[in-house]
Structure formats: C-alpha cells, structure tokens
file target.tsv (TSV, N, CA and C atoms and all ligand atoms)
chain	number	residue	atom	x	y	z
B	1	MET	N	-142.78	107.94	50.03
B	1	MET	CA	-141.73	107.06	49.48
B	1	MET	C	-142.06	106.63	48.05
B	2	ILE	N	-143.30	106.24	47.83
B	2	ILE	CA	-143.71	105.84	46.49
B	2	ILE	C	-143.56	107.02	45.53
B	3	ARG	N	-143.89	108.20	46.03
B	3	ARG	CA	-143.78	109.40	45.22
B	3	ARG	C	-142.33	109.61	44.78
B	4	LEU	N	-141.41	109.32	45.70
B	4	LEU	CA	-139.98	109.48	45.41
B	4	LEU	C	-139.55	108.51	44.30
B	5	ILE	N	-140.04	107.27	44.40
B	5	ILE	CA	-139.71	106.25	43.39
B	5	ILE	C	-140.28	106.67	42.03
B	6	LEU	N	-141.52	107.17	42.06
B	6	LEU	CA	-142.14	107.63	40.80
B	6	LEU	C	-141.33	108.77	40.19
B	7	LEU	N	-140.87	109.66	41.06
B	7	LEU	CA	-140.06	110.80	40.60
B	7	LEU	C	-138.76	110.31	39.98
B	8	LEU	N	-138.18	109.31	40.64
B	8	LEU	CA	-136.92	108.73	40.16
B	8	LEU	C	-137.12	108.10	38.77
B	9	ILE	N	-138.25	107.36	38.65
B	9	ILE	CA	-138.57	106.73	37.36
B	9	ILE	C	-138.78	107.80	36.29
B	10	LEU	N	-139.46	108.86	36.69
B	10	LEU	CA	-139.72	109.95	35.76
B	10	LEU	C	-138.41	110.58	35.29
B	11	VAL	N	-137.51	110.81	36.25
B	11	VAL	CA	-136.20	111.39	35.92
B	11	VAL	C	-135.45	110.46	34.97
B	12	LEU	N	-135.48	109.16	35.28
B	12	LEU	CA	-134.80	108.18	34.44
B	12	LEU	C	-135.38	108.17	33.02
B	13	LEU	N	-136.72	108.27	32.96
B	13	LEU	CA	-137.38	108.29	31.66
B	13	LEU	C	-136.96	109.52	30.85
B	14	VAL	N	-136.90	110.66	31.54
B	14	VAL	CA	-136.50	111.90	30.86
B	14	VAL	C	-135.07	111.78	30.36
B	15	LEU	N	-134.20	111.23	31.23
B	15	LEU	CA	-132.80	111.04	30.85
B	15	LEU	C	-132.68	110.09	29.66
B	16	TRP	N	-133.49	109.02	29.72
B	16	TRP	CA	-133.46	108.01	28.65
B	16	TRP	C	-133.91	108.63	27.32
B	17	ALA	N	-134.98	109.45	27.44
B	17	ALA	CA	-135.50	110.13	26.24
B	17	ALA	C	-134.47	111.10	25.68
B	18	ALA	N	-133.81	111.81	26.58
B	18	ALA	CA	-132.79	112.77	26.15
B	18	ALA	C	-131.63	112.05	25.48
B	19	LYS	N	-131.27	110.90	26.06
B	19	LYS	CA	-130.18	110.10	25.50
B	19	LYS	C	-130.54	109.62	24.08
B	20	GLY	N	-131.79	109.19	23.95
B	20	GLY	CA	-132.26	108.75	22.65
B	20	GLY	C	-132.22	109.87	21.63
B	21	LEU	N	-132.59	111.06	22.09
B	21	LEU	CA	-132.60	112.23	21.21
B	21	LEU	C	-131.17	112.57	20.77
B	22	ILE	N	-130.25	112.49	21.73
B	22	ILE	CA	-128.85	112.77	21.42
B	22	ILE	C	-128.32	111.75	20.42
B	23	ASN	N	-128.70	110.48	20.63
B	23	ASN	CA	-128.28	109.44	19.70
B	23	ASN	C	-128.82	109.70	18.30
B	24	ASP	N	-130.08	110.15	18.24
B	24	ASP	CA	-130.69	110.48	16.95
B	24	ASP	C	-129.91	111.59	16.26
B	25	LEU	N	-129.54	112.59	17.06
B	25	LEU	CA	-128.77	113.70	16.51
B	25	LEU	C	-127.41	113.22	16.04
B	26	LYS	N	-126.80	112.32	16.83
B	26	LYS	CA	-125.49	111.77	16.46
B	26	LYS	C	-125.57	111.03	15.13
B	27	VAL	N	-126.66	110.25	14.99
B	27	VAL	CA	-126.87	109.49	13.75
B	27	VAL	C	-127.03	110.46	12.59
B	28	LEU	N	-127.78	111.52	12.86
B	28	LEU	CA	-128.05	112.53	11.83
B	28	LEU	C	-126.75	113.17	11.37
B	29	PHE	N	-125.94	113.58	12.38
B	29	PHE	CA	-124.67	114.24	12.06
B	29	PHE	C	-123.66	113.22	11.51
B	30	GLY	N	-123.73	112.01	12.07
B	30	GLY	CA	-122.83	110.96	11.61
B	30	GLY	C	-123.07	110.64	10.15
B	31	ARG	N	-124.35	110.63	9.75
B	31	ARG	CA	-124.70	110.36	8.36
B	31	ARG	C	-124.15	111.45	7.46
B	32	LYS	N	-124.27	112.69	7.95
B	32	LYS	CA	-123.79	113.83	7.19
B	32	LYS	C	-122.27	113.71	6.99
B	33	GLY	N	-121.60	113.32	8.08
B	33	GLY	CA	-120.15	113.17	8.02
B	33	GLY	C	-119.75	112.09	7.04
B	34	ARG	N	-120.53	111.00	7.04
B	34	ARG	CA	-120.23	109.90	6.14
B	34	ARG	C	-120.39	110.34	4.68
B	35	GLU	N	-121.43	111.14	4.43
B	35	GLU	CA	-121.65	111.64	3.06
B	35	GLU	C	-120.46	112.48	2.60
B	36	GLU	N	-119.94	113.28	3.54
B	36	GLU	CA	-118.80	114.13	3.18
B	36	GLU	C	-117.57	113.29	2.86
B	37	ARG	N	-117.46	112.16	3.59
B	37	ARG	CA	-116.31	111.30	3.34
B	37	ARG	C	-116.46	110.58	2.00
B	38	VAL	N	-117.70	110.41	1.55
B	38	VAL	CA	-117.97	109.69	0.30
B	38	VAL	C	-117.74	110.62	-0.89
B	39	THR	N	-117.89	111.92	-0.69
B	39	THR	CA	-117.85	112.88	-1.80
B	39	THR	C	-116.65	112.79	-2.74
B	40	PRO	N	-115.43	112.41	-2.29
B	40	PRO	CA	-114.36	112.33	-3.28
B	40	PRO	C	-114.72	111.45	-4.48
B	41	LEU	N	-115.56	110.44	-4.25
B	41	LEU	CA	-115.98	109.56	-5.34
B	41	LEU	C	-117.03	110.24	-6.21
B	42	SER	N	-117.99	110.91	-5.53
B	42	SER	CA	-119.07	111.55	-6.27
B	42	SER	C	-118.80	113.04	-6.47
B	43	ASP	N	-117.55	113.43	-6.26
B	43	ASP	CA	-117.19	114.83	-6.39
B	43	ASP	C	-117.38	115.29	-7.84
B	44	GLU	N	-117.70	116.55	-7.97
B	44	GLU	CA	-117.91	117.12	-9.29
B	44	GLU	C	-116.61	117.07	-10.10
B	45	LEU	N	-116.72	116.64	-11.33
B	45	LEU	CA	-115.55	116.54	-12.18
B	45	LEU	C	-115.43	117.81	-13.03
B	46	VAL	N	-114.21	118.29	-13.12
B	46	VAL	CA	-113.97	119.48	-13.93
B	46	VAL	C	-112.91	119.16	-14.97
B	47	LYS	N	-113.04	119.81	-16.12
B	47	LYS	CA	-112.10	119.51	-17.21
B	47	LYS	C	-110.92	120.48	-17.17
B	48	ASP	N	-109.77	119.90	-17.28
B	48	ASP	CA	-108.55	120.68	-17.37
B	48	ASP	C	-108.51	121.29	-18.79
B	49	PRO	N	-108.52	122.62	-18.91
B	49	PRO	CA	-108.55	123.22	-20.26
B	49	PRO	C	-107.25	123.05	-21.03
B	50	VAL	N	-106.20	122.65	-20.36
B	50	VAL	CA	-104.91	122.51	-21.03
B	50	VAL	C	-104.76	121.12	-21.65
B	51	CYS	N	-104.91	120.09	-20.85
B	51	CYS	CA	-104.69	118.73	-21.36
B	51	CYS	C	-105.99	117.96	-21.57
B	52	GLY	N	-107.11	118.51	-21.13
B	52	GLY	CA	-108.40	117.88	-21.36
B	52	GLY	C	-108.74	116.75	-20.41
B	53	VAL	N	-107.95	116.61	-19.38
B	53	VAL	CA	-108.19	115.55	-18.40
B	53	VAL	C	-109.24	116.02	-17.39
B	54	TYR	N	-110.12	115.09	-17.02
B	54	TYR	CA	-111.11	115.41	-16.00
B	54	TYR	C	-110.54	115.08	-14.62
B	55	CYS	N	-110.70	116.02	-13.72
B	55	CYS	CA	-110.22	115.76	-12.36
B	55	CYS	C	-111.25	116.25	-11.35
B	56	ALA	N	-111.16	115.70	-10.14
B	56	ALA	CA	-112.10	116.07	-9.08
B	56	ALA	C	-111.88	117.53	-8.71
B	57	LYS	N	-113.00	118.23	-8.64
B	57	LYS	CA	-112.94	119.66	-8.36
B	57	LYS	C	-112.18	119.95	-7.07
B	58	ARG	N	-112.44	119.10	-6.06
B	58	ARG	CA	-111.86	119.33	-4.74
B	58	ARG	C	-110.35	119.21	-4.75
B	59	SER	N	-109.81	118.29	-5.56
B	59	SER	CA	-108.37	118.07	-5.52
B	59	SER	C	-107.66	118.73	-6.70
B	60	SER	N	-108.39	119.53	-7.46
B	60	SER	CA	-107.78	120.15	-8.62
B	60	SER	C	-107.00	121.41	-8.23
B	61	TYR	N	-106.17	121.87	-9.13
B	61	TYR	CA	-105.43	123.11	-8.93
B	61	TYR	C	-106.23	124.24	-9.55
B	62	LYS	N	-106.57	125.21	-8.71
B	62	LYS	CA	-107.46	126.26	-9.16
B	62	LYS	C	-106.72	127.52	-9.56
B	63	LEU	N	-107.32	128.19	-10.51
B	63	LEU	CA	-106.79	129.48	-10.93
B	63	LEU	C	-107.94	130.39	-11.29
B	64	LYS	N	-107.95	131.57	-10.70
B	64	LYS	CA	-108.99	132.53	-11.03
B	64	LYS	C	-108.44	133.48	-12.07
B	65	TYR	N	-109.13	133.52	-13.19
B	65	TYR	CA	-108.67	134.36	-14.28
B	65	TYR	C	-109.89	134.97	-14.97
B	66	ASN	N	-109.89	136.26	-15.16
B	66	ASN	CA	-111.03	136.98	-15.75
B	66	ASN	C	-112.36	136.64	-15.04
B	67	ASN	N	-112.33	136.62	-13.72
B	67	ASN	CA	-113.50	136.31	-12.89
B	67	ASN	C	-114.06	134.91	-13.13
B	68	LYS	N	-113.27	134.05	-13.74
B	68	LYS	CA	-113.69	132.68	-13.96
B	68	LYS	C	-112.66	131.77	-13.28
B	69	VAL	N	-113.15	130.73	-12.64
B	69	VAL	CA	-112.23	129.80	-11.96
B	69	VAL	C	-111.95	128.62	-12.88
B	70	TYR	N	-110.68	128.40	-13.13
B	70	TYR	CA	-110.26	127.27	-13.96
B	70	TYR	C	-109.67	126.19	-13.06
B	71	HIS	N	-109.85	124.97	-13.49
B	71	HIS	CA	-109.33	123.84	-12.70
B	71	HIS	C	-108.34	123.06	-13.54
B	72	PHE	N	-107.24	122.72	-12.90
B	72	PHE	CA	-106.18	122.00	-13.59
B	72	PHE	C	-105.79	120.74	-12.84
B	73	CYS	N	-105.28	119.77	-13.60
B	73	CYS	CA	-104.91	118.49	-12.99
B	73	CYS	C	-103.58	118.60	-12.28
B	74	SER	N	-102.75	119.54	-12.70
B	74	SER	CA	-101.42	119.66	-12.10
B	74	SER	C	-100.96	121.11	-12.14
B	75	PRO	N	-99.97	121.45	-11.32
B	75	PRO	CA	-99.44	122.83	-11.35
B	75	PRO	C	-98.81	123.15	-12.70
B	76	GLN	N	-98.29	122.10	-13.37
B	76	GLN	CA	-97.66	122.31	-14.68
B	76	GLN	C	-98.68	122.81	-15.69
B	77	CYS	N	-99.89	122.21	-15.66
B	77	CYS	CA	-100.95	122.62	-16.57
B	77	CYS	C	-101.38	124.05	-16.27
B	78	ARG	N	-101.39	124.39	-15.01
B	78	ARG	CA	-101.78	125.75	-14.62
B	78	ARG	C	-100.75	126.75	-15.16
B	79	GLU	N	-99.47	126.38	-15.04
B	79	GLU	CA	-98.40	127.25	-15.54
B	79	GLU	C	-98.53	127.43	-17.05
B	80	LYS	N	-98.82	126.31	-17.73
B	80	LYS	CA	-98.96	126.33	-19.18
B	80	LYS	C	-100.10	127.26	-19.60
B	81	PHE	N	-101.21	127.13	-18.88
B	81	PHE	CA	-102.39	127.95	-19.16
B	81	PHE	C	-102.04	129.42	-18.97
B	82	LEU	N	-101.34	129.73	-17.89
B	82	LEU	CA	-100.97	131.12	-17.61
B	82	LEU	C	-100.07	131.67	-18.71
B	83	LYS	N	-99.18	130.84	-19.22
B	83	LYS	CA	-98.28	131.27	-20.29
B	83	LYS	C	-99.08	131.54	-21.56
B	84	GLU	N	-100.04	130.63	-21.85
B	84	GLU	CA	-100.84	130.76	-23.07
B	84	GLU	C	-101.71	132.00	-23.04
B	85	VAL	N	-102.39	132.23	-21.92
B	85	VAL	CA	-103.26	133.41	-21.85
B	85	VAL	C	-102.43	134.68	-21.75
B	86	GLY	N	-101.20	134.53	-21.24
B	86	GLY	CA	-100.32	135.69	-21.11
B	86	GLY	C	-99.75	136.12	-22.44
B	87	SER	N	-99.52	135.16	-23.33
B	87	SER	CA	-98.88	135.47	-24.60
B	87	SER	C	-99.87	135.98	-25.64
B	88	SER	N	-101.14	135.61	-25.51
B	88	SER	CA	-102.12	136.01	-26.52
B	88	SER	C	-102.63	137.41	-26.26
B	101	ZN	ZN	-103.69	118.83	-17.09
call {"tool": "encode", "arguments": {"input": "target.tsv", "output": "structure tokens", "more": "lines below"}}
Ligand SMILES: [Zn+2]
result
Amino acid sequence: MIRLILLLILVLLVLWAAKGLINDLKVLFGRKGREERVTPLSDELVKDPVCGVYCAKRSSYKLKYNNKVYHFCSPQCREKFLKEVGSS
C-alpha cells in the first residue's frame, strides 16, 4: 500500500514537472509572440524613392524591379515610380 502511495506521488511529481516544462515552453513561445506583436513599432523603415517618406517595411507597397525590391508609402507612389522608370 505504501508503495502504491509512493508511486502515486511519483506520478504526480512527474506530471507536475511536465506541467512546469509546458508552462516554460508557453512562456518562451508567448514571449516570441509578444515580440512579433511589438515589431510594427520597431519595424525596419524603408524610404519611398518617389516622395521620400519613410514607411514601415511590413506595411509598405512593394515592387520588384531590376532584381531590387522598392518600397512605397502608397499605390500612387508605386504607379508614379513605374511611369518614371518606364519613360526613361
Ligand atoms: Zn510615397
């Protein structure tokens, strides 16, 4: 009977340890998720070559031209850029 109780305690300890480990992992992943949510503030800024405005890379309008990626603040700027490079 005592052996059974010891086994039960052992099982509980293992479960408790596993739970703690899972919580640690959750904290680890949770922290990562929080960092990702923070990134819009610390996001890399890119300069719009048309109007010179800096905008967040993530929310910018992208255009790949001559194997280079350009970032624009608005679709209008992208259109303007396309017209300029198209006419020259
Ligand atoms: Zn612009």
call {"tool": "residues_near_ligand", "arguments": {"input": "target.tsv", "ligand": "ligand ZN 101 (chain B)", "cutoff": "7 Å", "atoms": "all atoms listed in the file", "output": "PyMOL selection string"}}
result
chain B and resi 48-53+72-74+76-78
call {"tool": "atom_distance", "arguments": {"input": "target.tsv", "atom1": "CA of Phe29 (chain B)", "atom2": "CA of Ala56 (chain B)"}}
result
24.7 Å
call {"tool": "select_by_dssp", "arguments": {"input": "target.tsv", "residues": "chain B", "states": "strand (DSSP E)", "output": "list in words"}}
result
Leu45, Val46, Lys47, Tyr54, Cys55, Ala56, Tyr61, Lys62, Leu63, Lys64, Tyr65, Lys68, Val69, Tyr70, His71 and Phe72 of chain B
call {"tool": "select_by_dssp", "arguments": {"input": "target.tsv", "residues": "chain B", "states": "alpha helix (DSSP H)", "output": "JSON, numbers by chain"}}
result
{"B": [2, 3, 4, 5, 6, 7, 8, 9, 10, 11, 12, 13, 14, 15, 16, 17, 18, 19, 20, 21, 22, 23, 24, 25, 26, 27, 28, 29, 30, 31, 32, 33, 34, 35, 36, 37, 38, 39, 40, 41, 42, 75, 76, 77, 78, 79, 80, 81, 82, 83, 84, 85, 86, 87]}
call {"tool": "atom_distance", "arguments": {"input": "target.tsv", "atom1": "CA of His71 (chain B)", "atom2": "CA of Cys55 (chain B)"}}
result
8.1 Å
call {"tool": "closest_residue", "arguments": {"input": "target.tsv", "among": "B:Ala17, B:Val85, B:Ile2, B:Leu12", "to": "Asn66 (chain B)", "atoms": "only C-alpha atoms"}}
result
B:Val85
call {"tool": "decode", "arguments": {"input": "target.tsv", "residues": "region 10-23 of chain B", "atoms": "C-alpha atoms", "output": "compact mmCIF listing (two decimals), in the first residue's frame"}}
result
# COMPACT_ATOMS: atom_id res chain seq x y z
CA LEU B 10 5.99 9.93 -8.13
CA VAL B 11 3.43 10.11 -10.92
CA LEU B 12 2.12 13.41 -9.56
CA LEU B 13 5.66 14.77 -9.37
CA VAL B 14 6.33 13.75 -12.97
CA LEU B 15 3.07 15.34 -14.08
CA TRP B 16 3.86 18.48 -12.11
CA ALA B 17 7.32 18.65 -13.66
CA ALA B 18 5.88 18.13 -17.12
CA LYS B 19 3.32 20.86 -16.48
CA GLY B 20 6.08 23.21 -15.40
CA LEU B 21 8.03 22.39 -18.53
CA ILE B 22 5.00 23.08 -20.70
CA ASN B 23 4.47 26.39 -18.91
